[in-house]
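Structure file run.cif; described as mmCIF, C-alpha atoms.
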```
data_input
#
loop_
_atom_site.label_atom_id
_atom_site.label_comp_id
_atom_site.auth_asym_id
_atom_site.auth_seq_id
_atom_site.Cartn_x
_atom_site.Cartn_y
_atom_site.Cartn_z
CA MET A 1 30.62 14.69 -24.01
CA THR A 2 27.72 12.93 -22.34
CA ASN A 3 25.76 10.51 -24.51
CA TYR A 4 22.17 9.45 -23.83
CA ARG A 5 20.25 6.36 -24.77
CA ARG A 6 16.50 6.87 -24.78
CA TYR A 7 13.83 4.30 -24.01
CA LEU A 8 10.10 4.95 -24.23
CA VAL A 9 8.27 3.53 -21.19
CA PRO A 10 4.43 3.53 -21.34
CA LEU A 11 2.69 4.33 -18.04
CA ARG A 12 -0.96 4.98 -18.99
CA PRO A 13 -2.66 7.12 -21.67
CA THR A 14 -2.08 10.36 -19.74
CA PHE A 15 1.53 9.60 -18.84
CA LEU A 16 4.74 9.19 -20.83
CA ALA A 17 8.11 8.49 -19.25
CA LEU A 18 11.46 8.78 -21.01
CA LEU A 19 14.41 7.07 -19.34
CA LEU A 20 17.74 8.84 -19.49
CA VAL A 21 20.81 6.65 -18.95
CA ALA A 22 23.92 8.77 -18.74
CA ALA A 23 27.37 7.40 -19.46
CA VAL A 24 29.35 9.35 -16.85
CA GLY A 25 32.95 8.61 -16.02
CA ALA A 26 33.37 7.83 -12.30
CA PRO A 27 35.80 6.17 -9.96
CA ALA A 28 35.17 2.51 -9.13
CA VAL A 29 33.38 2.46 -5.76
CA ALA A 30 30.81 0.22 -4.13
CA GLU A 31 27.31 0.68 -5.54
CA LEU A 32 24.99 2.86 -3.47
CA LYS A 33 22.37 0.46 -2.12
CA ILE A 34 20.17 -0.20 0.90
CA ASP A 35 19.79 -3.87 1.84
CA ILE A 36 16.24 -3.99 3.20
CA THR A 37 16.46 -7.72 3.95
CA ARG A 38 18.83 -7.20 6.91
CA GLY A 39 16.19 -5.96 9.36
CA LYS A 40 16.52 -2.48 10.79
CA VAL A 41 18.85 -0.28 8.73
CA GLU A 42 20.21 3.20 9.22
CA PRO A 43 18.32 5.64 6.95
CA MET A 44 20.35 6.86 3.97
CA PRO A 45 21.01 10.64 3.91
CA ILE A 46 19.52 11.97 0.66
CA ALA A 47 19.28 15.51 -0.67
CA VAL A 48 16.10 16.25 -2.65
CA THR A 49 16.42 19.68 -4.26
CA TRP A 50 13.46 21.63 -5.52
CA PHE A 51 12.69 21.13 -9.20
CA VAL A 52 13.72 24.15 -11.26
CA GLY A 53 11.00 25.99 -13.17
CA LYS A 54 9.67 29.42 -14.06
CA GLY A 55 6.71 31.22 -12.50
CA ALA A 56 3.98 28.84 -11.37
CA GLU A 57 6.15 25.87 -12.33
CA ALA A 58 8.84 27.04 -9.88
CA ARG A 59 6.31 26.88 -7.03
CA LEU A 60 5.19 23.47 -8.27
CA GLY A 61 8.82 22.35 -8.30
CA ILE A 62 9.01 22.99 -4.54
CA LYS A 63 5.83 20.95 -4.00
CA LEU A 64 7.22 18.06 -6.05
CA ALA A 65 10.38 17.98 -3.93
CA ASN A 66 8.35 18.10 -0.71
CA VAL A 67 6.16 15.14 -1.69
CA ILE A 68 9.17 13.07 -2.78
CA SER A 69 11.01 13.84 0.47
CA ALA A 70 7.95 12.92 2.54
CA ASP A 71 7.49 9.63 0.65
CA LEU A 72 11.09 8.59 1.16
CA GLU A 73 11.17 9.66 4.81
CA ARG A 74 8.03 7.66 5.67
CA SER A 75 9.62 4.51 4.29
CA GLY A 76 12.14 4.66 7.14
CA LEU A 77 14.96 3.91 4.69
CA PHE A 78 15.89 7.49 3.75
CA ARG A 79 16.70 10.63 5.72
CA PRO A 80 16.03 13.70 3.56
CA LEU A 81 18.40 16.53 4.45
CA ASN A 82 17.22 20.01 5.37
CA PRO A 83 17.27 22.23 2.24
CA LYS A 84 18.71 25.04 4.36
CA ALA A 85 21.96 23.07 4.49
CA PHE A 86 22.32 22.88 0.69
CA ILE A 87 25.41 24.68 -0.61
CA GLN A 88 24.85 24.39 -4.35
CA LYS A 89 21.63 25.92 -5.67
CA PRO A 90 19.39 23.73 -7.86
CA GLU A 91 19.63 26.19 -10.78
CA ALA A 92 23.41 25.70 -10.82
CA MET A 93 23.40 21.91 -11.10
CA GLN A 94 21.39 21.20 -14.24
CA VAL A 95 24.37 19.85 -16.18
CA ARG A 96 26.33 18.18 -13.41
CA PRO A 97 26.33 18.67 -9.62
CA ARG A 98 29.37 19.81 -7.67
CA PHE A 99 29.63 16.58 -5.72
CA GLY A 100 32.08 18.01 -3.20
CA ASP A 101 29.38 20.41 -2.00
CA TRP A 102 27.02 17.51 -1.35
CA ARG A 103 29.63 15.33 0.35
CA GLN A 104 30.31 18.25 2.67
CA ILE A 105 26.76 18.00 4.08
CA ASN A 106 27.01 14.16 4.23
CA ALA A 107 24.54 13.46 1.42
CA GLU A 108 24.99 9.99 -0.06
CA ALA A 109 22.33 10.39 -2.76
CA LEU A 110 21.08 13.45 -4.58
CA VAL A 111 17.88 14.19 -6.51
CA ASN A 112 17.42 17.14 -8.85
CA GLY A 113 15.09 17.99 -11.70
CA THR A 114 13.12 20.49 -13.73
CA VAL A 115 9.45 21.21 -14.40
CA GLU A 116 8.01 23.11 -17.35
CA ARG A 117 4.64 23.55 -19.06
CA LEU A 118 4.36 22.30 -22.64
CA ARG A 119 2.38 24.04 -25.40
CA ASP A 120 -0.44 21.49 -25.05
CA GLY A 121 -0.82 22.41 -21.36
CA ARG A 122 0.79 19.29 -19.95
CA LEU A 123 3.67 19.30 -17.51
CA LYS A 124 7.09 17.98 -18.40
CA VAL A 125 8.97 16.84 -15.29
CA THR A 126 12.56 15.66 -15.49
CA PHE A 127 14.44 14.09 -12.59
CA ARG A 128 17.83 12.51 -11.97
CA LEU A 129 19.18 10.45 -9.09
CA TRP A 130 22.91 10.76 -8.38
CA ASP A 131 25.35 8.70 -6.35
CA VAL A 132 27.31 11.45 -4.58
CA PHE A 133 30.42 9.41 -3.71
CA ALA A 134 30.66 7.65 -7.09
CA GLU A 135 29.88 10.98 -8.81
CA ALA A 136 27.58 9.14 -11.22
CA GLN A 137 23.98 9.31 -12.33
CA MET A 138 22.05 6.27 -11.14
CA THR A 139 18.82 6.82 -13.08
CA GLY A 140 16.62 9.50 -14.58
CA PHE A 141 13.21 9.91 -16.17
CA ILE A 142 11.05 12.41 -17.98
CA TYR A 143 7.33 12.41 -17.22
CA ARG A 144 4.62 14.17 -19.18
CA ALA A 145 1.27 14.49 -17.45
CA PRO A 146 -1.74 16.80 -16.97
CA PRO A 147 -1.15 19.47 -14.30
CA GLY A 148 -3.70 17.87 -11.98
CA LYS A 149 -1.59 14.70 -11.86
CA TRP A 150 1.56 16.32 -10.46
CA ARG A 151 1.31 14.40 -7.17
CA ARG A 152 1.24 11.11 -9.07
CA VAL A 153 4.39 12.18 -10.90
CA ALA A 154 6.05 12.84 -7.52
CA HIS A 155 5.00 9.41 -6.23
CA LYS A 156 6.30 7.75 -9.39
CA ILE A 157 9.65 9.47 -8.94
CA SER A 158 9.73 8.24 -5.33
CA ASP A 159 9.03 4.71 -6.58
CA GLU A 160 11.93 4.94 -9.05
CA ILE A 161 14.32 6.16 -6.35
CA TYR A 162 13.20 3.41 -3.95
CA LYS A 163 13.59 0.75 -6.66
CA ARG A 164 17.02 1.94 -7.81
CA VAL A 165 18.48 2.12 -4.30
CA THR A 166 16.85 -0.96 -2.71
CA GLY A 167 16.34 -3.24 -5.70
CA GLU A 168 12.69 -3.64 -4.66
CA THR A 169 9.52 -2.28 -6.27
CA GLY A 170 8.19 0.88 -4.64
CA TYR A 171 4.72 1.43 -3.21
CA PHE A 172 4.17 5.20 -3.24
CA ASP A 173 1.88 5.48 -6.28
CA THR A 174 -0.95 3.67 -4.50
CA ARG A 175 -4.24 4.32 -2.74
CA ILE A 176 -5.84 3.26 0.50
CA VAL A 177 -9.54 2.47 0.88
CA TYR A 178 -10.90 2.19 4.40
CA ILE A 179 -13.99 2.47 6.60
CA ALA A 180 -14.47 6.04 7.88
CA GLU A 181 -16.31 5.97 11.21
CA GLY A 182 -18.17 8.72 13.02
CA GLY A 183 -20.96 9.34 15.50
CA PRO A 184 -21.79 7.91 18.94
CA ALA A 185 -20.75 4.37 19.84
CA LYS A 186 -24.24 2.91 19.44
CA GLN A 187 -25.03 4.78 16.23
CA ARG A 188 -21.78 4.68 14.28
CA VAL A 189 -21.96 5.90 10.70
CA LYS A 190 -19.58 3.92 8.48
CA ARG A 191 -18.67 5.16 5.02
CA LEU A 192 -16.23 4.04 2.39
CA ALA A 193 -13.37 6.50 2.03
CA MET A 194 -10.29 6.54 -0.18
CA MET A 195 -7.05 8.51 -0.24
CA ASP A 196 -3.54 8.34 -1.65
CA GLN A 197 -1.11 6.37 0.49
CA ASP A 198 0.19 9.64 1.96
CA GLY A 199 -3.30 10.83 2.95
CA ALA A 200 -3.73 13.30 0.07
CA ASN A 201 -6.77 13.43 -2.23
CA HIS A 202 -9.08 12.15 0.48
CA ARG A 203 -12.69 11.55 -0.50
CA PHE A 204 -15.76 9.66 0.67
CA LEU A 205 -17.19 7.05 -1.68
CA THR A 206 -20.52 6.36 0.07
CA ASP A 207 -22.93 8.65 1.90
CA GLY A 208 -23.30 6.70 5.15
CA ARG A 209 -26.95 5.72 4.74
CA ASP A 210 -25.98 2.03 4.58
CA LEU A 211 -23.52 0.26 6.85
CA VAL A 212 -20.42 -0.71 4.85
CA LEU A 213 -17.65 -3.17 5.75
CA THR A 214 -14.47 -4.86 4.46
CA PRO A 215 -13.52 -2.96 1.28
CA ARG A 216 -10.94 -4.65 -0.97
CA PHE A 217 -9.26 -3.57 -4.22
CA SER A 218 -9.32 -5.53 -7.46
CA PRO A 219 -5.96 -6.56 -8.99
CA THR A 220 -6.22 -3.62 -11.43
CA ALA A 221 -6.86 -1.10 -8.60
CA GLN A 222 -9.81 0.21 -10.62
CA GLU A 223 -12.57 -1.55 -8.65
CA ILE A 224 -13.47 -2.13 -5.01
CA THR A 225 -15.58 -4.93 -3.62
CA TYR A 226 -17.24 -4.46 -0.24
CA LEU A 227 -20.13 -5.54 1.93
CA ALA A 228 -23.08 -3.23 2.61
CA TYR A 229 -26.30 -3.69 4.55
CA TYR A 230 -29.16 -2.41 2.41
CA GLN A 231 -32.38 -2.23 4.44
CA GLY A 232 -30.74 -4.51 6.97
CA LYS A 233 -29.78 -7.21 4.45
CA PRO A 234 -26.17 -7.93 3.41
CA ARG A 235 -25.16 -7.32 -0.18
CA VAL A 236 -21.81 -7.66 -1.92
CA TYR A 237 -21.04 -4.72 -4.21
CA ILE A 238 -18.41 -3.78 -6.77
CA LEU A 239 -17.66 -0.09 -7.24
CA ASN A 240 -15.86 1.09 -10.37
CA LEU A 241 -13.61 3.98 -9.37
CA ASP A 242 -13.41 5.43 -12.90
CA THR A 243 -17.10 5.40 -13.81
CA LYS A 244 -18.43 5.59 -10.20
CA GLN A 245 -20.90 2.84 -11.15
CA GLN A 246 -21.95 0.52 -8.34
CA GLU A 247 -23.06 -3.04 -9.05
CA VAL A 248 -24.68 -5.62 -6.77
CA VAL A 249 -22.94 -8.94 -7.36
CA GLY A 250 -24.60 -10.88 -4.55
CA ASN A 251 -27.82 -10.39 -2.62
CA PHE A 252 -27.61 -13.01 0.08
CA PRO A 253 -30.43 -13.68 2.55
CA ASN A 254 -28.04 -14.66 5.35
CA MET A 255 -24.83 -13.22 6.79
CA THR A 256 -21.95 -12.56 4.40
CA PHE A 257 -18.37 -11.78 5.37
CA SER A 258 -15.15 -10.38 3.90
CA PRO A 259 -15.50 -10.46 0.09
CA ARG A 260 -12.12 -10.38 -1.67
CA PHE A 261 -11.06 -10.57 -5.33
CA SER A 262 -9.19 -13.52 -6.78
CA PRO A 263 -5.73 -12.71 -8.21
CA ASP A 264 -7.06 -12.65 -11.79
CA GLY A 265 -10.02 -10.44 -10.82
CA ASN A 266 -12.55 -12.88 -12.28
CA ALA A 267 -13.97 -14.13 -8.98
CA ILE A 268 -14.79 -13.04 -5.46
CA ILE A 269 -14.16 -15.28 -2.46
CA MET A 270 -16.17 -14.78 0.73
CA SER A 271 -17.80 -16.45 3.72
CA LEU A 272 -21.54 -17.16 3.75
CA ALA A 273 -23.69 -18.28 6.64
CA THR A 274 -26.30 -20.81 5.50
CA GLU A 275 -28.48 -23.02 7.67
CA GLY A 276 -26.65 -21.86 10.78
CA ASN A 277 -23.18 -22.67 9.44
CA THR A 278 -20.48 -20.43 7.98
CA ASP A 279 -18.39 -21.73 5.08
CA ILE A 280 -16.25 -20.33 2.27
CA TYR A 281 -17.67 -19.76 -1.20
CA VAL A 282 -16.35 -18.38 -4.45
CA MET A 283 -18.42 -16.49 -7.03
CA ASP A 284 -17.46 -16.37 -10.72
CA LEU A 285 -18.05 -12.74 -11.73
CA ARG A 286 -18.59 -13.70 -15.37
CA THR A 287 -21.34 -16.25 -14.77
CA ARG A 288 -22.45 -15.19 -11.24
CA LYS A 289 -22.33 -18.85 -10.24
CA VAL A 290 -21.49 -19.46 -6.57
CA ARG A 291 -19.47 -22.53 -5.58
CA ARG A 292 -19.00 -23.83 -2.06
CA LEU A 293 -15.40 -24.60 -1.11
CA THR A 294 -15.66 -25.76 2.51
CA LYS A 295 -18.31 -27.89 4.15
CA HIS A 296 -17.56 -28.22 7.82
CA PRO A 297 -19.64 -27.78 11.00
CA ALA A 298 -17.07 -25.23 12.26
CA ILE A 299 -16.97 -21.52 11.36
CA ASP A 300 -14.74 -20.89 8.30
CA THR A 301 -14.17 -17.26 7.37
CA SER A 302 -11.72 -14.53 6.20
CA PRO A 303 -10.45 -16.30 3.04
CA SER A 304 -7.48 -14.91 1.11
CA PHE A 305 -6.06 -16.23 -2.18
CA ALA A 306 -2.34 -16.74 -2.66
CA PRO A 307 -0.97 -14.52 -5.48
CA ASP A 308 -0.84 -17.50 -7.87
CA GLY A 309 -4.46 -18.41 -7.10
CA ARG A 310 -3.58 -21.99 -6.17
CA ARG A 311 -4.00 -21.78 -2.39
CA ILE A 312 -6.36 -20.12 0.04
CA ALA A 313 -5.67 -19.10 3.62
CA PHE A 314 -8.60 -18.78 6.02
CA ASN A 315 -9.39 -18.96 9.70
CA SER A 316 -11.52 -21.65 11.33
CA ASP A 317 -12.37 -23.00 14.77
CA ARG A 318 -12.59 -26.58 13.48
CA GLY A 319 -9.72 -27.55 15.78
CA GLY A 320 -11.42 -26.17 18.89
CA SER A 321 -10.09 -22.60 18.73
CA GLN A 322 -9.77 -19.94 16.04
CA GLN A 323 -6.68 -20.77 13.95
CA ILE A 324 -5.27 -20.24 10.44
CA TYR A 325 -5.59 -22.95 7.79
CA VAL A 326 -4.36 -23.26 4.22
CA MET A 327 -6.13 -25.31 1.53
CA ASP A 328 -5.96 -25.63 -2.24
CA ALA A 329 -8.15 -23.50 -4.50
CA GLU A 330 -10.76 -26.25 -4.74
CA GLY A 331 -11.26 -26.35 -0.98
CA ARG A 332 -9.30 -29.57 -0.45
CA LYS A 333 -6.36 -30.57 1.74
CA ALA A 334 -7.00 -28.01 4.50
CA GLN A 335 -4.04 -27.92 6.88
CA ARG A 336 -3.68 -25.95 10.10
CA VAL A 337 -0.59 -23.71 10.04
CA SER A 338 -0.86 -21.61 13.24
CA PHE A 339 0.28 -23.34 16.41
CA GLY A 340 1.35 -20.54 18.74
CA ARG A 341 -0.48 -19.56 21.89
CA GLY A 342 -3.72 -17.64 21.49
CA ARG A 343 -6.22 -17.30 18.67
CA TYR A 344 -5.47 -16.26 15.09
CA ALA A 345 -7.63 -14.43 12.54
CA THR A 346 -7.73 -12.41 9.27
CA PRO A 347 -4.89 -14.13 7.35
CA VAL A 348 -3.76 -12.14 4.29
CA TRP A 349 -1.30 -13.46 1.75
CA SER A 350 1.73 -11.34 0.95
CA PRO A 351 2.03 -10.11 -2.68
CA ARG A 352 5.43 -11.86 -2.68
CA SER A 353 3.82 -15.22 -1.66
CA ASP A 354 6.38 -15.64 1.12
CA LEU A 355 4.32 -14.64 4.19
CA LEU A 356 0.89 -14.52 5.76
CA ALA A 357 -0.07 -11.49 7.84
CA PHE A 358 -2.57 -12.09 10.62
CA THR A 359 -4.27 -10.78 13.74
CA LYS A 360 -3.51 -12.62 16.98
CA MET A 361 -5.40 -12.48 20.29
CA GLN A 362 -3.61 -13.61 23.44
CA GLY A 363 -3.84 -12.65 27.11
CA GLY A 364 -6.30 -9.83 26.54
CA ARG A 365 -4.04 -8.16 23.93
CA PHE A 366 -4.16 -8.01 20.14
CA TYR A 367 -1.16 -8.38 17.84
CA ILE A 368 -0.34 -7.95 14.16
CA GLY A 369 2.12 -10.59 13.00
CA VAL A 370 3.51 -12.50 10.04
CA MET A 371 4.45 -16.14 9.45
CA ARG A 372 5.47 -18.27 6.52
CA PRO A 373 2.63 -20.10 4.74
CA ASP A 374 3.63 -23.33 6.52
CA GLY A 375 3.32 -21.61 9.91
CA SER A 376 7.04 -21.30 10.62
CA GLY A 377 8.91 -18.11 11.44
CA GLU A 378 6.12 -16.35 13.33
CA ARG A 379 6.96 -12.74 14.25
CA LEU A 380 4.77 -10.22 16.05
CA LEU A 381 5.16 -6.67 14.73
CA ALA A 382 2.60 -4.54 16.58
CA GLU A 383 0.38 -4.87 19.64
CA GLY A 384 -2.31 -2.97 21.51
CA PHE A 385 -5.64 -2.98 23.26
CA LEU A 386 -7.16 -3.63 19.82
CA VAL A 387 -5.15 -3.97 16.60
CA GLU A 388 -6.70 -5.65 13.58
CA GLY A 389 -7.07 -5.77 9.82
CA PRO A 390 -3.58 -6.12 8.31
CA THR A 391 -3.19 -5.22 4.64
CA TRP A 392 -0.04 -5.42 2.50
CA ALA A 393 1.70 -2.76 0.45
CA PRO A 394 2.05 -4.06 -3.12
CA ASN A 395 5.78 -4.71 -2.69
CA GLY A 396 5.21 -6.92 0.37
CA ARG A 397 7.55 -4.86 2.57
CA MET A 398 5.04 -2.76 4.53
CA LEU A 399 1.79 -3.46 6.36
CA MET A 400 -1.09 -1.22 7.36
CA PHE A 401 -3.62 -1.96 10.11
CA PHE A 402 -5.98 -0.18 12.48
CA ARG A 403 -5.68 0.37 16.21
CA GLN A 404 -8.25 1.40 18.81
CA ASN A 405 -6.83 3.14 21.83
CA LYS A 406 -7.98 2.63 25.40
CA GLY A 407 -7.51 5.15 28.16
CA ARG A 408 -8.73 8.38 29.61
CA GLY A 409 -6.88 10.79 27.39
CA VAL A 410 -7.97 12.80 24.38
CA ASP A 411 -7.60 9.79 22.07
CA SER A 412 -9.54 7.39 24.32
CA GLY A 413 -11.54 5.08 22.07
CA ALA A 414 -10.14 6.63 18.88
CA ILE A 415 -9.62 4.27 15.93
CA LYS A 416 -6.67 5.11 13.68
CA LEU A 417 -4.62 3.63 10.85
CA TYR A 418 -0.94 2.74 11.20
CA SER A 419 1.79 1.43 8.94
CA ILE A 420 4.79 -0.67 9.92
CA ASP A 421 7.59 -2.43 8.05
CA LEU A 422 8.46 -6.12 8.21
CA THR A 423 11.20 -5.55 10.75
CA GLY A 424 8.63 -4.31 13.28
CA TYR A 425 10.23 -0.86 13.22
CA ASN A 426 9.07 2.38 11.66
CA GLU A 427 5.50 2.27 12.98
CA ARG A 428 3.68 5.44 11.94
CA GLU A 429 0.17 6.81 12.15
CA VAL A 430 -1.58 7.29 8.80
CA VAL A 431 -3.55 10.47 9.40
CA THR A 432 -7.26 10.49 8.42
CA PRO A 433 -9.93 13.17 8.96
CA ILE A 434 -12.05 10.97 11.25
CA ASP A 435 -11.80 7.54 12.87
CA ALA A 436 -10.63 4.87 10.43
CA SER A 437 -10.72 1.07 10.34
CA ASP A 438 -10.29 -1.91 8.03
CA PRO A 439 -7.81 -0.46 5.50
CA ALA A 440 -7.01 -2.05 2.15
CA TRP A 441 -3.88 -1.13 0.19
CA SER A 442 -4.18 -0.97 -3.59
CA PRO A 443 -1.77 -2.43 -6.12
CA LEU A 444 0.41 0.09 -7.93
CA ILE A 445 -1.91 2.30 -9.97
CA PRO A 446 -1.69 1.54 -13.73
#
```

When written as structure tokens, how does the structure in this file appear?
Amino acid sequence: MTNYRRYLVPLRPTFLALLLVAAVGAPAVAELKIDITRGKVEPMPIAVTWFVGKGAEARLGIKLANVISADLERSGLFRPLNPKAFIQKPEAMQVRPRFGDWRQINAEALVNGTVERLRDGRLKVTFRLWDVFAEAQMTGFIYRAPPGKWRRVAHKISDEIYKRVTGETGYFDTRIVYIAEGGPAKQRVKRLAMMDQDGANHRFLTDGRDLVLTPRFSPTAQEITYLAYYQGKPRVYILNLDTKQQEVVGNFPNMTFSPRFSPDGNAIIMSLATEGNTDIYVMDLRTRKVRRLTKHPAIDTSPSFAPDGRRIAFNSDRGGSQQIYVMDAEGRKAQRVSFGRGRYATPVWSPRSDLLAFTKMQGGRFYIGVMRPDGSGERLLAEGFLVEGPTWAPNGRMLMFFRQNKGRGVDSGAIKLYSIDLTGYNEREVVTPIDASDPAWSPLIP
């Protein structure tokens, strides 16, 4: 008889997850795992069956399976199998799968589940992940959520599968904010836009009357800071995504660049141009006091805090060309860390603290690359006529950036978003309704 131990796991007020850990007898075999630190890996064959339900919930169960399959496939680490090849029907495997049927189609992992509507109107979604060769359950959860949140449930399930198989935190229950661009080249309309990481739930956050630039998420993923030109003057704003309230946090008479939250969310770091010189400043959001961190005749810009808040990466031409520097949080001990050929810009600290992502310009080409914070181990991941604006997934294993194409084809001059993993493989377009630039990836949504 199968025994269950139950653990309550809080997600947020509208979500409740119940972990099911099954004690299933199985032969001793190597644990099913993908080592994502080895560079390019062969995608794991995984079968994601539709989630069993009745009536409208049955149709929703198919949608859940489709979103989970798409999440896993985009990661480049999984290869979802075609449901037409499935031998055992989902309705027949609610107690225990017939593992021989799944081995026959070369599945190494298997996902199944159910979906039902509770009396209070919420959905109850149950899922299990199975190791086909070990014939054992690897993990399982129950989620309760409002019907309108079913896509978030699917992304959370994808995150659990990713975590259980790779040992790393997932990144599917996240959002992307970016600059949506439209109109002729000399009259571009730039609006803030936001979507789920898979492109769903797309919406515009501003109306396009004011030019907007460089959106960045807060550590809680509930706020965005960005730069907007109101009546031709730069202002730094914070937009609360829950209340839709917009607040001006800085009304600066001169040029302002690239506002970004500190790791604790209590400050914003940015570049300000004063008296003909651009330096890095930090504003305390509680007191609104602005403190100058650098004081140098060169141009210092694009600051980014390390996850622990103790160091800041930025780019500067103080050495004669645009390069990446790292200093402490008080603006002291600035050290150059980029020494390759070309110019370097837009350094962004990895959420894991182990790497800096950057834009590199060399020989008329642009590159997206990564290096360690001391400048060692530089690797270039993507290149093009124009590639810029790297942003990290919250697990530090994927990057997103934007690329402008050059040529005479249909996509000539188009600006699009792309994602790529740290190996430099698995580059994919992130589809948006119109041209898109300057993406920012949110933390995992609370």

Report task. Could you expand the PyMOL selection byres ((chain A and resi 352) around 8) into the explicit residues it covers here, written as a ChimeraX atom specification? Result -> /A:307,350-351,353-355,395-396

Create the file for the chosen residues now, containing C-alpha atoms and written as a PDB file, keeping the file's coordinate frame.
```
ATOM      1  CA  PRO A 307      -0.970 -14.520  -5.480  1.00  0.00           C
ATOM      2  CA  SER A 350       1.730 -11.340   0.950  1.00  0.00           C
ATOM      3  CA  PRO A 351       2.030 -10.110  -2.680  1.00  0.00           C
ATOM      4  CA  SER A 353       3.820 -15.220  -1.660  1.00  0.00           C
ATOM      5  CA  ASP A 354       6.380 -15.640   1.120  1.00  0.00           C
ATOM      6  CA  LEU A 355       4.320 -14.640   4.190  1.00  0.00           C
ATOM      7  CA  ASN A 395       5.780  -4.710  -2.690  1.00  0.00           C
ATOM      8  CA  GLY A 396       5.210  -6.920   0.370  1.00  0.00           C
TER       9      GLY A 396
END
```

Hits of the PyMOL selection byres ((chain A and resi 397) around 12) in this structure, as a PDB file with C-alpha atoms, keeping the file's coordinate frame:
```
ATOM      1  CA  ILE A  36      16.240  -3.990   3.200  1.00  0.00           C
ATOM      2  CA  THR A  37      16.460  -7.720   3.950  1.00  0.00           C
ATOM      3  CA  GLY A  39      16.190  -5.960   9.360  1.00  0.00           C
ATOM      4  CA  SER A  75       9.620   4.510   4.290  1.00  0.00           C
ATOM      5  CA  GLY A  76      12.140   4.660   7.140  1.00  0.00           C
ATOM      6  CA  LEU A  77      14.960   3.910   4.690  1.00  0.00           C
ATOM      7  CA  TYR A 162      13.200   3.410  -3.950  1.00  0.00           C
ATOM      8  CA  THR A 166      16.850  -0.960  -2.710  1.00  0.00           C
ATOM      9  CA  GLU A 168      12.690  -3.640  -4.660  1.00  0.00           C
ATOM     10  CA  THR A 169       9.520  -2.280  -6.270  1.00  0.00           C
ATOM     11  CA  GLY A 170       8.190   0.880  -4.640  1.00  0.00           C
ATOM     12  CA  TYR A 171       4.720   1.430  -3.210  1.00  0.00           C
ATOM     13  CA  SER A 350       1.730 -11.340   0.950  1.00  0.00           C
ATOM     14  CA  PRO A 351       2.030 -10.110  -2.680  1.00  0.00           C
ATOM     15  CA  ARG A 352       5.430 -11.860  -2.680  1.00  0.00           C
ATOM     16  CA  SER A 353       3.820 -15.220  -1.660  1.00  0.00           C
ATOM     17  CA  ASP A 354       6.380 -15.640   1.120  1.00  0.00           C
ATOM     18  CA  LEU A 355       4.320 -14.640   4.190  1.00  0.00           C
ATOM     19  CA  ALA A 357      -0.070 -11.490   7.840  1.00  0.00           C
ATOM     20  CA  VAL A 370       3.510 -12.500  10.040  1.00  0.00           C
ATOM     21  CA  THR A 391      -3.190  -5.220   4.640  1.00  0.00           C
ATOM     22  CA  TRP A 392      -0.040  -5.420   2.500  1.00  0.00           C
ATOM     23  CA  ALA A 393       1.700  -2.760   0.450  1.00  0.00           C
ATOM     24  CA  PRO A 394       2.050  -4.060  -3.120  1.00  0.00           C
ATOM     25  CA  ASN A 395       5.780  -4.710  -2.690  1.00  0.00           C
ATOM     26  CA  GLY A 396       5.210  -6.920   0.370  1.00  0.00           C
ATOM     27  CA  MET A 398       5.040  -2.760   4.530  1.00  0.00           C
ATOM     28  CA  LEU A 399       1.790  -3.460   6.360  1.00  0.00           C
ATOM     29  CA  MET A 400      -1.090  -1.220   7.360  1.00  0.00           C
ATOM     30  CA  SER A 419       1.790   1.430   8.940  1.00  0.00           C
ATOM     31  CA  ILE A 420       4.790  -0.670   9.920  1.00  0.00           C
ATOM     32  CA  ASP A 421       7.590  -2.430   8.050  1.00  0.00           C
ATOM     33  CA  LEU A 422       8.460  -6.120   8.210  1.00  0.00           C
ATOM     34  CA  THR A 423      11.200  -5.550  10.750  1.00  0.00           C
ATOM     35  CA  GLY A 424       8.630  -4.310  13.280  1.00  0.00           C
ATOM     36  CA  TYR A 425      10.230  -0.860  13.220  1.00  0.00           C
ATOM     37  CA  ASN A 426       9.070   2.380  11.660  1.00  0.00           C
TER      38      ASN A 426
END
```

Skip Asp210 of chain A itself and residues of its chain fewer than 4 positions away, then list as a tab-separated table (two decimals) with C-alpha atoms, in the coordinates of the input all residues within 7 Å of it, counting all atoms listed in the file.
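File written: result.tsv
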```tsv
chain	number	residue	atom	x	y	z
A	228	ALA	CA	-23.08	-3.23	2.61
A	229	TYR	CA	-26.30	-3.69	4.55
A	230	TYR	CA	-29.16	-2.41	2.41
```

Query raised in the report: So what does the PyMOL selection byres ((chain A and resi 376) around 12) actually pick up in this one, as an NGL selection string?
Result: :A and (336-340 or 354-356 or 370-375 or 377-379)

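The list of residues with at least one atom within 7 Å of Phe217 of chain A, based on only C-alpha atoms and without residues fewer than 5 positions apart in the same chain, reads Glu223, Ile224, Thr225, Ala440 and Ser442 of chain A.
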
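Nearest to Trp441 of chain A of all the residues A:Met195, A:Ile415, A:Val95, A:Ala70 is A:Met195, based on only C-alpha atoms.
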
Query - Ref. answer, residues at most 8 Å from (-4.6, -9.7, 20.3) with all atoms listed in the file, as a ChimeraX atom specification - result: /A:343,359-368,383-387

Requested in this report: Taking (-18.4, -32.2, 1.7) in the file's own coordinates, collect the residues within 12 Å, counting only C-alpha atoms, and hand them back as JSON, numbers by chain.
Outcome: {"A": [279, 292, 293, 294, 295, 296, 297, 330, 331, 332]}

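Contact shell of Leu32 of chain A at 12 Å (only C-alpha atoms; same-chain neighbours under 6 positions omitted): A:Met44, A:Pro45, A:Ile46, A:Ala107, A:Glu108, A:Ala109, A:Leu110, A:Leu129, A:Trp130, A:Asp131, A:Val132, A:Phe133, A:Ala134, A:Glu135, A:Ala136, A:Gln137, A:Met138, A:Ile161, A:Tyr162, A:Arg164, A:Val165, A:Thr166, A:Gly167.
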